[in-house]
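*Asks:* Dropping a structure here in structure tokens format, bear with me for questions.
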Amino acid sequence: MSPDHVALRHSAFVYEDDDEYVARSVAFLRDGLDAGESCIVAHSRDWLAVMRDALGPDADRVAYIDVASTYTRPARAVAAYYGTFLDHLRKAPSVRAVAEFQFGPAQGDWEEWKGYEAITNLAYSHLPVWVVCTYNANGLPERVVDDVWSTHAEMLTDGWVPSDHYEDPRDLVRKLTPDPEPLPELRSCTVGQDLERFREQLARELVAEKVPDATALAMLVAGTEIAANAVRHGGGIEEVRVGRADGRFVCEVIDRGSGFDDPMAGYLAPGEGTGTGLWVARQLTWRVESFHSPRGFTVRLWL
């Protein structure tokens, strides 16, 4: 990383030829090794083996991440890479990574993963990391390739060039976040302001809905974090609503406060002295929604 890049540099490389991917990636990583940086390759297991061979004598100086379980949900992917970067920054002053983008289980849901790429621009903004996200254009819809220019400030073409279509990350995530749908099928629970009572009631509801123990525990932890936020910062719990929607268990915590209006809430790692509730909830649940309604400020957790 050059001296004038002391924080995040988030670039993208769209390729059509495998040999080009290997050649460009190896050159990028070797430049980093020569500069004393910690270097990472993130890809599928088979491609990690290809990159090891291509790096030759430098292979053991590079770290390798199998992304098979990384791109499950945006919040988890953000947290996984964040933890990896912090680990490597304990050993080197800066990091550079080549990360092959992999769609999550619902491959058609590009809008959500487009939001993920936008989120990373802020999630790692304070870290001295240069990430090149690589995209194999073969088989990708044209609109997906075009969208890469809106989520990366810099592209690798004949050289490193600024993107003319880069969008402000918060504005883009806000634009991509759909308005929550009303869920009249949820039922109301009485829990008062007692967090222990909240946990007990939520546990009963999870058992009644036959939610498996492992995922039920995740909801209990996430729900308690949100309920605690409501008590501490939202003027108290106004109502709790639970039930199933679209085949998933859902829990809403409604408080009396003014809430917040930040599409990035819970995606950015909490700093010292800031709360961890939304960050934890996003890691443990399938989706977190926040919105104002006639009932009050609502945080909705989907399991």
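Going through the structure tokens in order, the chains are called A, B, and so on, while each chain numbers its residues from 1 and the ligands are numbered from 1 in the order shown.
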Env of Gly234 (chain A): 9 Å cut, atoms = only C-alpha atoms, seq-sep filter 2 positions within chain, self excluded. Answer as a ChimeraX atom specification.

*Replies:* /A:229-232,236-237,254-259,297

*Asks:* Need the shell around region 12-20 of chain A: protein/DNA/RNA residues with any atom at most 10 Å away, counting only C-alpha atoms. Skip same-chain ones fewer than 5 positions apart. Format as a list of chain:residue names?

*Replies:* A:Ser25, A:Val26, A:Val98, A:Ala99, A:Glu100, A:Phe101, A:Val131, A:Val132, A:Cys133, A:Thr134, A:Tyr135, A:Asn136, A:Ala137, A:Asn138, A:Gly139, A:Val145, A:Asp146, A:Val148, A:Trp149, A:Thr151, A:His152, A:Ala153, A:Glu154, A:Met155, A:Leu156, A:Thr157, A:Trp160, A:Ser163

*Asks:* Deliver the residues from the most recent selection as a file, using N, CA and C atoms, as a PDB file, in the first residue's frame.

*Replies:*
ATOM      1  N   SER A  25      -3.714 -11.167 -10.133  1.00  0.00           N
ATOM      2  CA  SER A  25      -3.776 -11.380  -8.685  1.00  0.00           C
ATOM      3  C   SER A  25      -2.393 -11.664  -8.112  1.00  0.00           C
ATOM      4  N   VAL A  26      -1.623 -12.499  -8.790  1.00  0.00           N
ATOM      5  CA  VAL A  26      -0.274 -12.825  -8.304  1.00  0.00           C
ATOM      6  C   VAL A  26       0.603 -11.573  -8.293  1.00  0.00           C
ATOM      7  N   VAL A  98      -7.048 -10.221  -2.188  1.00  0.00           N
ATOM      8  CA  VAL A  98      -7.788 -10.498  -3.413  1.00  0.00           C
ATOM      9  C   VAL A  98      -8.943 -11.398  -3.011  1.00  0.00           C
ATOM     10  N   ALA A  99     -10.164 -10.907  -3.144  1.00  0.00           N
ATOM     11  CA  ALA A  99     -11.341 -11.639  -2.659  1.00  0.00           C
ATOM     12  C   ALA A  99     -12.320 -11.872  -3.803  1.00  0.00           C
ATOM     13  N   GLU A 100     -12.491 -13.122  -4.188  1.00  0.00           N
ATOM     14  CA  GLU A 100     -13.454 -13.467  -5.236  1.00  0.00           C
ATOM     15  C   GLU A 100     -14.858 -13.359  -4.673  1.00  0.00           C
ATOM     16  N   PHE A 101     -15.680 -12.573  -5.339  1.00  0.00           N
ATOM     17  CA  PHE A 101     -17.042 -12.399  -4.847  1.00  0.00           C
ATOM     18  C   PHE A 101     -17.861 -13.638  -5.154  1.00  0.00           C
ATOM     19  N   VAL A 131      -8.358  -3.916  -0.650  1.00  0.00           N
ATOM     20  CA  VAL A 131      -9.111  -5.093  -1.073  1.00  0.00           C
ATOM     21  C   VAL A 131      -9.459  -4.960  -2.548  1.00  0.00           C
ATOM     22  N   VAL A 132      -9.119  -5.986  -3.304  1.00  0.00           N
ATOM     23  CA  VAL A 132      -9.556  -6.069  -4.696  1.00  0.00           C
ATOM     24  C   VAL A 132     -10.595  -7.180  -4.782  1.00  0.00           C
ATOM     25  N   CYS A 133     -11.830  -6.796  -5.031  1.00  0.00           N
ATOM     26  CA  CYS A 133     -12.908  -7.767  -5.216  1.00  0.00           C
ATOM     27  C   CYS A 133     -12.897  -8.219  -6.668  1.00  0.00           C
ATOM     28  N   THR A 134     -12.789  -9.511  -6.881  1.00  0.00           N
ATOM     29  CA  THR A 134     -12.715 -10.022  -8.244  1.00  0.00           C
ATOM     30  C   THR A 134     -14.042 -10.657  -8.642  1.00  0.00           C
ATOM     31  N   TYR A 135     -14.421 -10.414  -9.878  1.00  0.00           N
ATOM     32  CA  TYR A 135     -15.685 -10.912 -10.418  1.00  0.00           C
ATOM     33  C   TYR A 135     -15.421 -11.631 -11.739  1.00  0.00           C
ATOM     34  N   ASN A 136     -15.822 -12.882 -11.814  1.00  0.00           N
ATOM     35  CA  ASN A 136     -15.745 -13.619 -13.062  1.00  0.00           C
ATOM     36  C   ASN A 136     -16.969 -13.265 -13.900  1.00  0.00           C
ATOM     37  N   ALA A 137     -16.766 -12.524 -14.972  1.00  0.00           N
ATOM     38  CA  ALA A 137     -17.888 -12.022 -15.774  1.00  0.00           C
ATOM     39  C   ALA A 137     -18.636 -13.131 -16.503  1.00  0.00           C
ATOM     40  N   ASN A 138     -18.010 -14.285 -16.652  1.00  0.00           N
ATOM     41  CA  ASN A 138     -18.657 -15.378 -17.370  1.00  0.00           C
ATOM     42  C   ASN A 138     -19.848 -15.902 -16.571  1.00  0.00           C
ATOM     43  N   GLY A 139     -21.037 -15.758 -17.149  1.00  0.00           N
ATOM     44  CA  GLY A 139     -22.233 -16.240 -16.470  1.00  0.00           C
ATOM     45  C   GLY A 139     -22.916 -15.212 -15.598  1.00  0.00           C
ATOM     46  N   VAL A 145     -22.527  -6.913 -13.464  1.00  0.00           N
ATOM     47  CA  VAL A 145     -21.216  -6.378 -13.820  1.00  0.00           C
ATOM     48  C   VAL A 145     -21.247  -4.852 -13.807  1.00  0.00           C
ATOM     49  N   ASP A 146     -22.308  -4.278 -14.330  1.00  0.00           N
ATOM     50  CA  ASP A 146     -22.425  -2.812 -14.346  1.00  0.00           C
ATOM     51  C   ASP A 146     -22.477  -2.245 -12.927  1.00  0.00           C
ATOM     52  N   VAL A 148     -21.026  -3.206 -10.306  1.00  0.00           N
ATOM     53  CA  VAL A 148     -19.728  -3.211  -9.626  1.00  0.00           C
ATOM     54  C   VAL A 148     -19.126  -1.806  -9.628  1.00  0.00           C
ATOM     55  N   TRP A 149     -19.389  -1.038 -10.682  1.00  0.00           N
ATOM     56  CA  TRP A 149     -18.823   0.314 -10.785  1.00  0.00           C
ATOM     57  C   TRP A 149     -19.443   1.273  -9.773  1.00  0.00           C
ATOM     58  N   THR A 151     -20.246   0.413  -6.606  1.00  0.00           N
ATOM     59  CA  THR A 151     -19.886   0.045  -5.231  1.00  0.00           C
ATOM     60  C   THR A 151     -18.380   0.048  -4.982  1.00  0.00           C
ATOM     61  N   HIS A 152     -17.598   0.297  -6.019  1.00  0.00           N
ATOM     62  CA  HIS A 152     -16.139   0.354  -5.880  1.00  0.00           C
ATOM     63  C   HIS A 152     -15.635   1.675  -6.451  1.00  0.00           C
ATOM     64  N   ALA A 153     -14.840   2.364  -5.687  1.00  0.00           N
ATOM     65  CA  ALA A 153     -14.347   3.672  -6.122  1.00  0.00           C
ATOM     66  C   ALA A 153     -13.268   3.564  -7.186  1.00  0.00           C
ATOM     67  N   GLU A 154     -12.727   2.353  -7.336  1.00  0.00           N
ATOM     68  CA  GLU A 154     -11.598   2.173  -8.247  1.00  0.00           C
ATOM     69  C   GLU A 154     -11.727   0.823  -8.946  1.00  0.00           C
ATOM     70  N   MET A 155     -11.397   0.803 -10.235  1.00  0.00           N
ATOM     71  CA  MET A 155     -11.475  -0.421 -11.022  1.00  0.00           C
ATOM     72  C   MET A 155     -10.111  -0.729 -11.631  1.00  0.00           C
ATOM     73  N   LEU A 156      -9.844  -2.027 -11.761  1.00  0.00           N
ATOM     74  CA  LEU A 156      -8.647  -2.459 -12.470  1.00  0.00           C
ATOM     75  C   LEU A 156      -9.044  -2.832 -13.889  1.00  0.00           C
ATOM     76  N   THR A 157      -8.591  -2.038 -14.845  1.00  0.00           N
ATOM     77  CA  THR A 157      -8.828  -2.329 -16.263  1.00  0.00           C
ATOM     78  C   THR A 157      -7.436  -2.448 -16.903  1.00  0.00           C
ATOM     79  N   TRP A 160      -5.205   1.058 -12.827  1.00  0.00           N
ATOM     80  CA  TRP A 160      -6.162   1.439 -11.788  1.00  0.00           C
ATOM     81  C   TRP A 160      -6.835   2.740 -12.201  1.00  0.00           C
ATOM     82  N   SER A 163     -13.761   5.026 -10.644  1.00  0.00           N
ATOM     83  CA  SER A 163     -15.078   4.729 -11.203  1.00  0.00           C
ATOM     84  C   SER A 163     -15.884   6.011 -11.329  1.00  0.00           C
TER      85      SER A 163
END

*Asks:* What does the structure give for the distance between CA of Thr285 (chain A) and CA of Arg73 (chain A), in Å to one decimal?

*Replies:* 9.3 Å

*Asks:* Excluding same-chain residues fewer than 6 positions from region 289-291 of chain A, what lies within 7 Å of it counting only C-alpha atoms, as an mmCIF file with C-alpha atoms, in the first residue's frame?

*Replies:*
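Result file result.cif:
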data_model
loop_
_atom_site.group_PDB
_atom_site.id
_atom_site.type_symbol
_atom_site.label_atom_id
_atom_site.label_comp_id
_atom_site.auth_asym_id
_atom_site.auth_seq_id
_atom_site.Cartn_x
_atom_site.Cartn_y
_atom_site.Cartn_z
ATOM 1 C CA PRO A 180 -40.819 -3.264 5.707
ATOM 2 C CA PHE A 297 -40.138 2.561 16.881
ATOM 3 C CA THR A 298 -39.814 -1.068 15.823
ATOM 4 C CA VAL A 299 -36.891 -3.429 15.410
ATOM 5 C CA ARG A 300 -37.947 -6.608 13.649
ATOM 6 C CA LEU A 301 -35.818 -9.750 13.807
#

*Asks:* Enumerate the residues of region 180-283 of chain A with a DSSP assignment of strand (DSSP E), computed from the backbone, and present them as a short mmCIF file (atom, residue, chain, number, x, y, z; two decimals) with C-alpha atoms, in the first residue's frame.

*Replies:*
data_model
loop_
_atom_site.label_atom_id
_atom_site.label_comp_id
_atom_site.auth_asym_id
_atom_site.auth_seq_id
_atom_site.Cartn_x
_atom_site.Cartn_y
_atom_site.Cartn_z
CA ARG A 187 -49.36 -11.76 18.04
CA SER A 188 -48.69 -9.42 20.95
CA CYS A 189 -46.88 -10.47 24.14
CA ILE A 237 -40.55 -1.56 25.76
CA GLU A 238 -43.97 -0.61 24.43
CA GLU A 239 -44.89 -3.95 22.91
CA VAL A 240 -43.41 -7.25 21.74
CA ARG A 241 -44.94 -9.14 18.80
CA VAL A 242 -44.00 -12.64 17.66
CA GLY A 243 -45.09 -15.30 15.21
CA ARG A 244 -44.32 -16.70 11.78
CA ALA A 245 -44.20 -14.89 8.46
CA ARG A 248 -39.76 -17.78 9.42
CA PHE A 249 -40.02 -16.96 13.11
CA VAL A 250 -40.24 -13.20 13.65
CA CYS A 251 -39.88 -11.09 16.78
CA GLU A 252 -40.65 -7.37 16.92
CA VAL A 253 -39.54 -5.16 19.81
CA ILE A 254 -41.37 -1.82 19.85
CA ASP A 255 -40.17 0.98 22.09
#

*Asks:* To one decimal place, how far is CA of Tyr267 (chain A) from CA of Ala42 (chain A) in Å?

*Replies:*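 Distance between the two atoms: 20.8 Å.
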
*Asks:* Determine the nearest neighbour of Ala23 (chain A) from the options A:Pro270, A:Lys175, A:Leu55, A:His10, counting only C-alpha atoms.

*Replies:*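 Of A:Pro270, A:Lys175, A:Leu55, A:His10, the one nearest Ala23 (chain A) is A:Leu55, counting only C-alpha atoms.
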
*Asks:* One decimal, Å: what's the distance from CA of Leu303 (chain A) over to CA of Trp286 (chain A), could you say?

*Replies:*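 Computed distance, CA of Leu303 (chain A) to CA of Trp286 (chain A), equals 5.1 Å.
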
*Asks:* Write out as an mmCIF file with C-alpha atoms, in the first residue's frame all residues of region 38-245 of chain A that DSSP puts in helix (DSSP H, G or I) for this structure's backbone.

*Replies:*
data_model
loop_
_atom_site.group_PDB
_atom_site.id
_atom_site.type_symbol
_atom_site.label_atom_id
_atom_site.label_comp_id
_atom_site.auth_asym_id
_atom_site.auth_seq_id
_atom_site.Cartn_x
_atom_site.Cartn_y
_atom_site.Cartn_z
ATOM 1 C CA ARG A 45 -10.975 -24.333 -2.235
ATOM 2 C CA ASP A 46 -10.046 -25.402 -5.771
ATOM 3 C CA TRP A 47 -8.990 -21.892 -6.744
ATOM 4 C CA LEU A 48 -6.925 -21.496 -3.595
ATOM 5 C CA ALA A 49 -4.901 -24.486 -4.779
ATOM 6 C CA VAL A 50 -4.452 -22.830 -8.183
ATOM 7 C CA MET A 51 -3.235 -19.634 -6.533
ATOM 8 C CA ARG A 52 -0.814 -21.533 -4.299
ATOM 9 C CA ASP A 53 0.764 -23.102 -7.363
ATOM 10 C CA ALA A 54 0.905 -19.784 -9.195
ATOM 11 C CA LEU A 55 2.580 -18.006 -6.285
ATOM 12 C CA GLY A 56 5.334 -20.619 -6.220
ATOM 13 C CA PRO A 57 8.006 -19.824 -3.605
ATOM 14 C CA ASP A 58 5.857 -16.990 -2.225
ATOM 15 C CA ALA A 59 2.887 -19.265 -1.516
ATOM 16 C CA ASP A 60 3.689 -19.794 2.157
ATOM 17 C CA ARG A 61 3.867 -16.039 2.755
ATOM 18 C CA VAL A 67 -15.146 -18.559 1.131
ATOM 19 C CA ALA A 68 -17.533 -21.528 0.997
ATOM 20 C CA SER A 69 -19.300 -20.385 4.166
ATOM 21 C CA PRO A 74 -24.159 -9.676 4.227
ATOM 22 C CA ALA A 75 -23.769 -8.951 7.949
ATOM 23 C CA ARG A 76 -21.850 -12.182 8.509
ATOM 24 C CA ALA A 77 -19.601 -11.572 5.526
ATOM 25 C CA VAL A 78 -18.799 -8.046 6.762
ATOM 26 C CA ALA A 79 -17.969 -9.361 10.241
ATOM 27 C CA ALA A 80 -15.913 -12.297 8.937
ATOM 28 C CA TYR A 81 -13.639 -10.122 6.813
ATOM 29 C CA TYR A 82 -13.428 -7.471 9.534
ATOM 30 C CA GLY A 83 -12.121 -10.034 12.018
ATOM 31 C CA THR A 84 -9.667 -11.399 9.464
ATOM 32 C CA PHE A 85 -8.275 -7.952 8.687
ATOM 33 C CA LEU A 86 -7.817 -7.149 12.376
ATOM 34 C CA ASP A 87 -5.933 -10.411 12.912
ATOM 35 C CA HIS A 88 -3.552 -9.642 10.052
ATOM 36 C CA LEU A 89 -3.036 -6.043 11.130
ATOM 37 C CA TRP A 110 -28.207 -9.396 -6.108
ATOM 38 C CA GLU A 111 -29.663 -6.231 -4.597
ATOM 39 C CA GLU A 112 -28.821 -7.434 -1.084
ATOM 40 C CA TRP A 113 -25.241 -8.280 -2.054
ATOM 41 C CA LYS A 114 -24.853 -5.026 -3.923
ATOM 42 C CA GLY A 115 -25.713 -3.406 -0.596
ATOM 43 C CA TYR A 116 -23.041 -5.541 1.069
ATOM 44 C CA GLU A 117 -20.378 -4.212 -1.286
ATOM 45 C CA ALA A 118 -21.495 -0.659 -0.503
ATOM 46 C CA ILE A 119 -21.428 -1.372 3.250
ATOM 47 C CA THR A 120 -17.814 -2.533 3.132
ATOM 48 C CA ASN A 121 -16.761 0.954 2.033
ATOM 49 C CA LEU A 122 -17.676 2.224 5.506
ATOM 50 C CA ALA A 123 -17.208 -0.952 7.562
ATOM 51 C CA GLU A 142 -24.787 -7.727 -17.358
ATOM 52 C CA ARG A 143 -26.490 -5.550 -14.747
ATOM 53 C CA VAL A 144 -24.434 -7.227 -12.008
ATOM 54 C CA VAL A 145 -21.216 -6.378 -13.820
ATOM 55 C CA ASP A 146 -22.425 -2.812 -14.346
ATOM 56 C CA ASP A 147 -23.309 -2.456 -10.644
ATOM 57 C CA VAL A 148 -19.728 -3.211 -9.626
ATOM 58 C CA TRP A 149 -18.823 0.314 -10.785
ATOM 59 C CA SER A 150 -21.271 1.860 -8.292
ATOM 60 C CA THR A 151 -19.886 0.045 -5.231
ATOM 61 C CA PRO A 169 -22.482 4.056 0.364
ATOM 62 C CA ARG A 170 -25.160 5.271 2.784
ATOM 63 C CA ASP A 171 -27.292 6.664 -0.015
ATOM 64 C CA LEU A 172 -26.971 3.467 -2.000
ATOM 65 C CA VAL A 173 -27.825 1.184 0.937
ATOM 66 C CA ARG A 174 -30.809 3.354 1.800
ATOM 67 C CA LYS A 175 -32.001 3.143 -1.799
ATOM 68 C CA LEU A 176 -31.601 -0.643 -1.819
ATOM 69 C CA LEU A 195 -35.548 -8.404 30.479
ATOM 70 C CA GLU A 196 -35.710 -11.746 32.284
ATOM 71 C CA ARG A 197 -39.448 -11.850 31.723
ATOM 72 C CA PHE A 198 -38.851 -10.950 28.083
ATOM 73 C CA ARG A 199 -36.429 -13.883 27.660
ATOM 74 C CA GLU A 200 -38.796 -16.323 29.354
ATOM 75 C CA GLN A 201 -41.730 -15.259 27.204
ATOM 76 C CA LEU A 202 -39.684 -15.355 24.016
ATOM 77 C CA ALA A 203 -38.380 -18.813 24.933
ATOM 78 C CA ARG A 204 -41.939 -20.071 25.357
ATOM 79 C CA GLU A 205 -42.943 -18.646 22.005
ATOM 80 C CA LEU A 206 -39.960 -20.297 20.309
ATOM 81 C CA VAL A 207 -40.867 -23.655 21.841
ATOM 82 C CA ALA A 208 -44.497 -23.237 20.788
ATOM 83 C CA ASP A 213 -32.726 -25.315 19.864
ATOM 84 C CA ALA A 214 -29.653 -23.886 18.117
ATOM 85 C CA THR A 215 -31.531 -21.239 16.169
ATOM 86 C CA ALA A 216 -33.828 -20.568 19.129
ATOM 87 C CA LEU A 217 -30.787 -19.676 21.227
ATOM 88 C CA ALA A 218 -29.626 -17.254 18.517
ATOM 89 C CA MET A 219 -33.011 -15.519 18.615
ATOM 90 C CA LEU A 220 -32.984 -15.385 22.410
ATOM 91 C CA VAL A 221 -29.597 -13.661 22.428
ATOM 92 C CA ALA A 222 -30.470 -11.292 19.566
ATOM 93 C CA GLY A 223 -33.901 -10.481 20.968
ATOM 94 C CA THR A 224 -32.483 -9.757 24.411
ATOM 95 C CA GLU A 225 -29.932 -7.367 22.918
ATOM 96 C CA ILE A 226 -32.686 -5.443 21.123
ATOM 97 C CA ALA A 227 -34.955 -5.453 24.176
ATOM 98 C CA ALA A 228 -32.084 -4.133 26.306
ATOM 99 C CA ASN A 229 -31.579 -1.310 23.788
ATOM 100 C CA ALA A 230 -35.277 -0.472 24.048
ATOM 101 C CA VAL A 231 -35.086 -0.256 27.844
ATOM 102 C CA ARG A 232 -31.838 1.731 27.955
ATOM 103 C CA HIS A 233 -32.230 4.026 24.971
#

*Asks:* Hey, what's within 7 Å of Ile40 (chain A) if we count only C-alpha atoms and toss same-chain stuff fewer than 3 positions away? As a PyMOL selection string, please?

*Replies:* chain A and resi 62-64+96-98

*Asks:* Restrict the selected residues to N, CA and C atoms and save them as a PDB file, in the first residue's frame.

*Replies:*
ATOM      1  N   VAL A  62       1.548 -16.111   2.045  1.00  0.00           N
ATOM      2  CA  VAL A  62       0.202 -15.591   1.806  1.00  0.00           C
ATOM      3  C   VAL A  62      -0.797 -16.427   2.597  1.00  0.00           C
ATOM      4  N   ALA A  63      -1.840 -15.781   3.126  1.00  0.00           N
ATOM      5  CA  ALA A  63      -2.916 -16.488   3.837  1.00  0.00           C
ATOM      6  C   ALA A  63      -4.043 -16.799   2.868  1.00  0.00           C
ATOM      7  N   TYR A  64      -4.751 -17.906   3.137  1.00  0.00           N
ATOM      8  CA  TYR A  64      -5.791 -18.368   2.218  1.00  0.00           C
ATOM      9  C   TYR A  64      -7.098 -18.568   2.980  1.00  0.00           C
ATOM     10  N   ARG A  96      -3.252  -6.361   2.136  1.00  0.00           N
ATOM     11  CA  ARG A  96      -3.922  -6.347   0.838  1.00  0.00           C
ATOM     12  C   ARG A  96      -4.521  -7.729   0.596  1.00  0.00           C
ATOM     13  N   ALA A  97      -5.693  -7.742  -0.031  1.00  0.00           N
ATOM     14  CA  ALA A  97      -6.428  -8.988  -0.231  1.00  0.00           C
ATOM     15  C   ALA A  97      -7.048  -9.028  -1.609  1.00  0.00           C
ATOM     16  N   VAL A  98      -7.048 -10.221  -2.188  1.00  0.00           N
ATOM     17  CA  VAL A  98      -7.788 -10.498  -3.413  1.00  0.00           C
ATOM     18  C   VAL A  98      -8.943 -11.398  -3.011  1.00  0.00           C
TER      19      VAL A  98
END
